[in-house]
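*Asks:* Before anything else, here's the structure in question.
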Amino acid sequence: MKKNPIGKYLLQNWYYYVFAFGSMALSVFLDMLAPLVTLHIVDDVLVGHKMELLWKYLAAFLLIGAAKALFQYIKEFLFDVSSVRVASQMRGNLFRHVQRLSVEYFDKNNTGELLARVRDDVDRIWDILGFAGMLILEGLICIMMAMVSMVKLDLPLTLVSVAILPFVAGIAIRLEKELDRVYDAISEENAVMNTVAQENLAGVRTVKSFAREPYEIKKFRKHNQKYCDLNMDQARVLMKYDPAISFLTKLMRVLVLLAGGYGVIHGRITLGVLTAFMEYTSKITWPIENVGWLGNCFASAIASNKKLNKILAEEPQIAEPENPVELSKLPGDLEFHHVDFSLHDTPILQDIDFTLKQGHTLGIMGMTGSGKTTIVNLLERFYDVTDGYICLDGHDIRTLPLRTVRDTSSVVMQDVFLFSDTISENVRLGSRSTMKSEEVHNAVSAACASEFVDHLSDQYETVIGERGMGLSGGQKQRLSIARALAKQAPILVLDDSTSALDMETEYEIQSHLAEKKDVSKIIIAHRISSVQSADEILYLDHGRIAERGTHESLMAQKGLYYSTWEAQYGDYHKAKAALEQALPANA
Ligand SMILES: Nc1ncnc2c1ncn2[C@@H]1O[C@H](COP(=O)(O)OP(=O)(O)OP(=O)(O)O)[C@@H](O)[C@H]1O
């Protein structure tokens with residue numbers, strides 16, 4: 001299973017971590033010198049009455065304090081810089097990996113959950129590689145160095161203080177296990193809550209128009225409560241172990257004081273040694289007392305890492321061919337050869353067979369859900385066919401580089417998506433850096449969108465809202481047609497993309513498209529007027545081609561296509577015929 005390569009990120013930033021670790025070790029080392037100065041002040045100055053040494057020891061104190069502050073500053077700065085860099089690299093790589101995944105992955109996973117992973121779970125790992133990790137490391141170094149110093153001063157007293165450490169370790173292990181379980185659930189619930197909030201905000205208009213605010217609030221509150229309860233569980237785990245840890249550290253100090261006091265009274269150790277020992281004991285206790293929340297950070301980072309590993313283990317269903325066929329120019333001829341397609345064992349398309357020669361137009365009609373958009377999804381290789389094959393210029397698209405396949409067609413999706421960016425950048429999408437302004441203007445003009453763009457406050461530089469907010473449905477459709485035209489691909493696909501346009505504009509756009517003689521067109525529509533001039537029209541029914549032919553031949557068949565024509569124009573033509581009949585009589 002592919003894993004989040006934390007080690008690799010650390011290696012890439014090793015110089016930061018090495019210097020940060022070095023500064024930390026020096027700062028802790030200096031911290032360990034302070035009790036020795038105290039020892040000498042007690043034994044030499046206070047007990048030995050050598051007042052002349054006091055200034056020397058005080059100066060040593062100051063020097064140690066200043067040097068420690070400097071190294072601490074360097075350590076914290078470097079840990080911050082390195083953890084920010086690692087988090088940014090991790091987030092970038094995760095996002096790149098998610099971008100590589102196939103459409104099928106996004107069919108099954110929510111945007112809200114993915115957002116939670118890319119943002120919150122990376123943040124948890126960032127914590128452990130930065131501030132929290134630094135404290136854990138510093139605590140360990142501190143305990144080790146304090147132990148060495150204590151052993152050097154007095155072994156029996158050291159054994160008294162370490163006697164409680166196994167109990168603390170036992171508690172820490174249990175704490176980590178319990179927190180790991182709780183944090184796993186917290187991370188899951190965070191993702192669910194994100195999804196609920198994200199869906200609600202994205203669909204705020206639908207929510208309002210159906211007056212579903214109370215329901216949505218209730219739904220969010222339910223998840224919010226669950227999230228809150230899980231966090232309370234986490235707090236309860238911490239509360240359960242914190243008093244025990246706190247008691248053990250106090251007990252340690254009492255035991256050291258008792259055993260040390262006994263040693264001083266019986267002349268085995270000096271008062272200075274006991275004072276220094278008490279200071280070392282306090283240096284051991286801060287990491288122990290913080291084992292709860294540091295364990296919490298550690299558990300949350302492990303849980304988050306598991307979630308990221310799950311995403312990283314996902315492989316794109318649609319892979320690049322091993323030895324792709326490189327073509328000198330983008331292909332123009334398209335063939336669907338007896339294509340079958342099933343998704344999760346449900347047949348969606350069966351025996352779809354057609355050829356589209358360069359410059360020709362194919363119209364596709366059919367009931368909703370009959371499989372029209374699926375044909376485009378297969379052409380784009382969002383999914384692979386279950387049986388049969390799709391060829392571009394005679395090459396199975398599974399043998400061509402994905403880039404070539406997707407560069408070959410330019411699709412105006414049924415569900416228009418515009419980015420929160422300028423009009424010009426939305427049209428340039430296919431080739432942001434290379435497309436000239438003139439090309440953008442031509443495409444916008446061919447999509448009959450120049451007039452409304454010219455009336456916008458900043459024309460082509462007008463920033464449109466999220467998903468094209470602030471534009472009418474027809475304006476959004478026209479911009480997405482302009483974007484597809486600007487891409488200048490050999491195959492242009494319009495998937496029900498003129499439904500929000502008036503007949504006049506649709507006709508004008510069709511006339512512009514008809515001028516593009518080299519471009520093959522696939523026009524998916526519910527309106528007969530959109531497809532009637534196509535070289536061939538397919539009429540789909542339940543994933544199969546039920547009828548095929550030109551407008552005239554399909555009309556003559558008097559089948560499904562004819563019925564659709566009747567439904568759309570029947571009355572109008574009857575009325576027109578009646579009017580024509582009536583007119584000469586009146587004249
Ligand atoms: N990602 C998916 N997972 C499962 N089933 C799907 C998926 N996408 C489409 N389908 C199913 O495939 C069938 C064909 O869908 P498709 O979108 O191709 O229909 P369509 O003819 O374009 O419909 P419309 O005219 O409403 O746009 C439908 O029954 C639909 O439920």
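Here, A, B, ... name the chains of the structure tokens in the order displayed, residue numbers run from 1 inside each chain, and ligands are numbered from 1 in the same displayed order.
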For the interface of chain A with ligand 1 (cut-off 6 Å, counting only C-alpha atoms and all ligand atoms), please tabulate each contacting residue of chain A alongside its nearest pair of atoms and their separation in Å to one decimal, rows sorted by chain and increasing number, as CSV.
*Replies:*
residue,atom,partner,partner_atom_place_in_ligand_line,distance
A:Asp107,CA,ligand 1,1 (N),5.5
A:Leu343,CA,ligand 1,4 (C),5.9
A:Ile348,CA,ligand 1,12 (O),5.2
A:Met367,CA,ligand 1,25 (O),5.9
A:Thr368,CA,ligand 1,25 (O),3.5
A:Gly369,CA,ligand 1,19 (O),3.4
A:Ser370,CA,ligand 1,21 (O),3.9
A:Gly371,CA,ligand 1,18 (O),3.2
A:Lys372,CA,ligand 1,21 (O),3.8
A:Thr373,CA,ligand 1,22 (O),3.6
A:Thr374,CA,ligand 1,18 (O),3.7
*Asks:* Do you know which residues are at most 9 Å from A:Asp123 counting only C-alpha atoms, after dropping those on the same chain fewer than 3 positions away, and could you put them as a list in words?
*Replies:*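 Counting only the stated atoms, we get Ala87, Val118, Arg119, Asp120, Trp126, Asp127, Ile128, Ala301 and Ser304 of chain A.
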*Asks:* Kindly save the residues from that selection, with N, CA and C atoms included, as a compact mmCIF listing (two decimals), in the first residue's frame.
*Replies:*
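Written output follows (result.txt):
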# COMPACT_ATOMS: atom_id res chain seq x y z
N ALA A 87 4.41 20.45 5.63
CA ALA A 87 2.94 20.44 5.48
C ALA A 87 2.56 20.91 4.09
N VAL A 118 -7.42 17.03 2.95
CA VAL A 118 -6.34 17.89 2.43
C VAL A 118 -6.02 19.01 3.43
N ARG A 119 -7.02 19.45 4.17
CA ARG A 119 -6.78 20.58 5.08
C ARG A 119 -6.53 20.11 6.52
N ASP A 120 -7.54 19.53 7.16
CA ASP A 120 -7.44 19.24 8.59
C ASP A 120 -6.46 18.12 8.92
N TRP A 126 1.10 18.23 10.57
CA TRP A 126 1.92 19.44 10.69
C TRP A 126 2.22 19.71 12.18
N ASP A 127 1.20 19.57 13.03
CA ASP A 127 1.39 19.80 14.47
C ASP A 127 2.50 18.91 15.03
N ILE A 128 2.42 17.62 14.63
CA ILE A 128 3.35 16.68 15.24
C ILE A 128 4.77 16.87 14.67
N ALA A 301 -2.30 12.70 15.01
CA ALA A 301 -1.46 12.68 13.80
C ALA A 301 -1.46 11.28 13.19
N SER A 304 -4.79 10.74 11.47
CA SER A 304 -4.86 11.51 10.22
C SER A 304 -3.98 10.88 9.15
*Asks:* Enumerate, in order of chain and increasing residue number, the residues of stretch 289-405 of chain A with an atom no farther than 12 Å from stretch 559-564 of chain A, each with its shortest atom pair and distance in Å to one decimal, counting only C-alpha atoms, as JSON lines.
*Replies:*
{"residue": "A:Gly363", "atom": "CA", "partner": "A:Tyr561", "partner_atom": "CA", "distance": 11.7}
{"residue": "A:Ile364", "atom": "CA", "partner": "A:Tyr561", "partner_atom": "CA", "distance": 10.7}
{"residue": "A:Met365", "atom": "CA", "partner": "A:Tyr561", "partner_atom": "CA", "distance": 8.2}
{"residue": "A:Gly366", "atom": "CA", "partner": "A:Tyr561", "partner_atom": "CA", "distance": 8.4}
{"residue": "A:Met367", "atom": "CA", "partner": "A:Thr564", "partner_atom": "CA", "distance": 9.7}
*Asks:* Can you pull out the residues contacting A:Asp121? Cut-off 12 Å, using only C-alpha atoms, and skip same-chain residues under 2 positions away; I want them as number ranges by chain.
*Replies:* A: 4, 87, 90-91, 94, 113-119, 123-128, 183-184, 186-188, 190-191, 297, 299-309, 311
*Asks:* For the selection just defined, write its residues with C-alpha atoms to a file, as a PDB file, in the first residue's frame.
*Replies:*
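The result, stored in again.pdb:
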ATOM      1  CA  ASN A   4       2.304   9.130   3.066  1.00  0.00           C
ATOM      2  CA  ALA A  87       2.943  20.437   5.478  1.00  0.00           C
ATOM      3  CA  MET A  90       2.472  17.063   1.769  1.00  0.00           C
ATOM      4  CA  ARG A  91      -0.660  19.051   0.907  1.00  0.00           C
ATOM      5  CA  LEU A  94      -1.848  14.943  -1.844  1.00  0.00           C
ATOM      6  CA  GLU A 113     -14.498  14.677   3.006  1.00  0.00           C
ATOM      7  CA  LEU A 114     -11.628  15.266   0.591  1.00  0.00           C
ATOM      8  CA  LEU A 115     -11.394  18.872   1.752  1.00  0.00           C
ATOM      9  CA  ALA A 116     -11.176  17.687   5.359  1.00  0.00           C
ATOM     10  CA  ARG A 117      -8.335  15.344   4.431  1.00  0.00           C
ATOM     11  CA  VAL A 118      -6.343  17.892   2.431  1.00  0.00           C
ATOM     12  CA  ARG A 119      -6.779  20.584   5.076  1.00  0.00           C
ATOM     13  CA  ASP A 123      -2.730  20.098   9.820  1.00  0.00           C
ATOM     14  CA  ARG A 124      -2.668  17.328  12.444  1.00  0.00           C
ATOM     15  CA  ILE A 125       0.531  15.921  10.931  1.00  0.00           C
ATOM     16  CA  TRP A 126       1.920  19.439  10.693  1.00  0.00           C
ATOM     17  CA  ASP A 127       1.393  19.795  14.474  1.00  0.00           C
ATOM     18  CA  ILE A 128       3.353  16.676  15.241  1.00  0.00           C
ATOM     19  CA  TYR A 183      -9.349  10.428  17.385  1.00  0.00           C
ATOM     20  CA  ASP A 184     -10.135   8.045  14.535  1.00  0.00           C
ATOM     21  CA  ILE A 186     -13.247  12.464  15.498  1.00  0.00           C
ATOM     22  CA  SER A 187     -11.464  12.568  12.149  1.00  0.00           C
ATOM     23  CA  GLU A 188     -14.314  10.623  10.463  1.00  0.00           C
ATOM     24  CA  ASN A 190     -15.032  16.005  10.998  1.00  0.00           C
ATOM     25  CA  ALA A 191     -15.114  14.811   7.380  1.00  0.00           C
ATOM     26  CA  CYS A 297      -1.362  15.268  19.328  1.00  0.00           C
ATOM     27  CA  ALA A 299      -2.692   9.988  18.353  1.00  0.00           C
ATOM     28  CA  SER A 300      -4.448  12.539  16.168  1.00  0.00           C
ATOM     29  CA  ALA A 301      -1.461  12.679  13.795  1.00  0.00           C
ATOM     30  CA  ILE A 302      -1.431   8.876  13.516  1.00  0.00           C
ATOM     31  CA  ALA A 303      -5.187   8.771  12.846  1.00  0.00           C
ATOM     32  CA  SER A 304      -4.857  11.512  10.224  1.00  0.00           C
ATOM     33  CA  ASN A 305      -1.931   9.764   8.600  1.00  0.00           C
ATOM     34  CA  LYS A 306      -4.025   6.597   8.286  1.00  0.00           C
ATOM     35  CA  LYS A 307      -6.693   8.600   6.441  1.00  0.00           C
ATOM     36  CA  LEU A 308      -4.129  10.121   4.097  1.00  0.00           C
ATOM     37  CA  ASN A 309      -2.591   6.685   3.455  1.00  0.00           C
ATOM     38  CA  ILE A 311      -6.288   8.180  -0.218  1.00  0.00           C
TER      39      ILE A 311
END
*Asks:* Check the DSSP output for the backbone and give back, as number ranges by chain, the residues of stretch 355-409 of chain A in alpha helix (DSSP H).
*Replies:* A: 372-379, 402-408
*Asks:* Which polymer residues have any atom within 12 Å of an atom of A:Gly359, counting only C-alpha atoms, with same-chain residues fewer than 4 positions away left out, as a list in words?
*Replies:*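 Neighbouring residues, sequence-local ones excluded: Pro331, Gly332, Asp333, Leu334, Thr355, Ala489, Pro490, Ile491, Leu492, Leu513, Ala514, Glu515, Lys516, Lys517, Asp518, Val519, Ser520, Lys521, Ile522, Ala534 and Asp535 of chain A.
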*Asks:* Limited to C-alpha atoms, could you put the picked residues into a file as a JSON list (two decimals), in the first residue's frame?
*Replies:*
[["chain", "number", "residue", "atom", "x", "y", "z"],
["A", 331, "PRO", "CA", -6.78, 12.76, -34.71],
["A", 332, "GLY", "CA", -10.11, 13.76, -36.29],
["A", 333, "ASP", "CA", -11.94, 10.52, -37.16],
["A", 334, "LEU", "CA", -13.89, 8.83, -34.39],
["A", 355, "THR", "CA", -18.35, 6.40, -37.15],
["A", 489, "ALA", "CA", -10.01, 20.66, -30.75],
["A", 490, "PRO", "CA", -10.77, 18.45, -33.77],
["A", 491, "ILE", "CA", -13.97, 17.13, -32.13],
["A", 492, "LEU", "CA", -16.49, 19.46, -30.55],
["A", 513, "LEU", "CA", -20.41, 25.97, -35.94],
["A", 514, "ALA", "CA", -21.37, 25.00, -39.49],
["A", 515, "GLU", "CA", -18.57, 27.28, -40.75],
["A", 516, "LYS", "CA", -16.02, 25.14, -38.90],
["A", 517, "LYS", "CA", -15.69, 22.60, -41.71],
["A", 518, "ASP", "CA", -12.69, 20.72, -40.24],
["A", 519, "VAL", "CA", -14.27, 20.20, -36.86],
["A", 520, "SER", "CA", -16.30, 17.05, -36.20],
["A", 521, "LYS", "CA", -19.32, 17.76, -34.04],
["A", 522, "ILE", "CA", -21.35, 15.66, -31.68],
["A", 534, "ALA", "CA", -26.62, 16.56, -38.59],
["A", 535, "ASP", "CA", -25.15, 14.06, -41.08]]
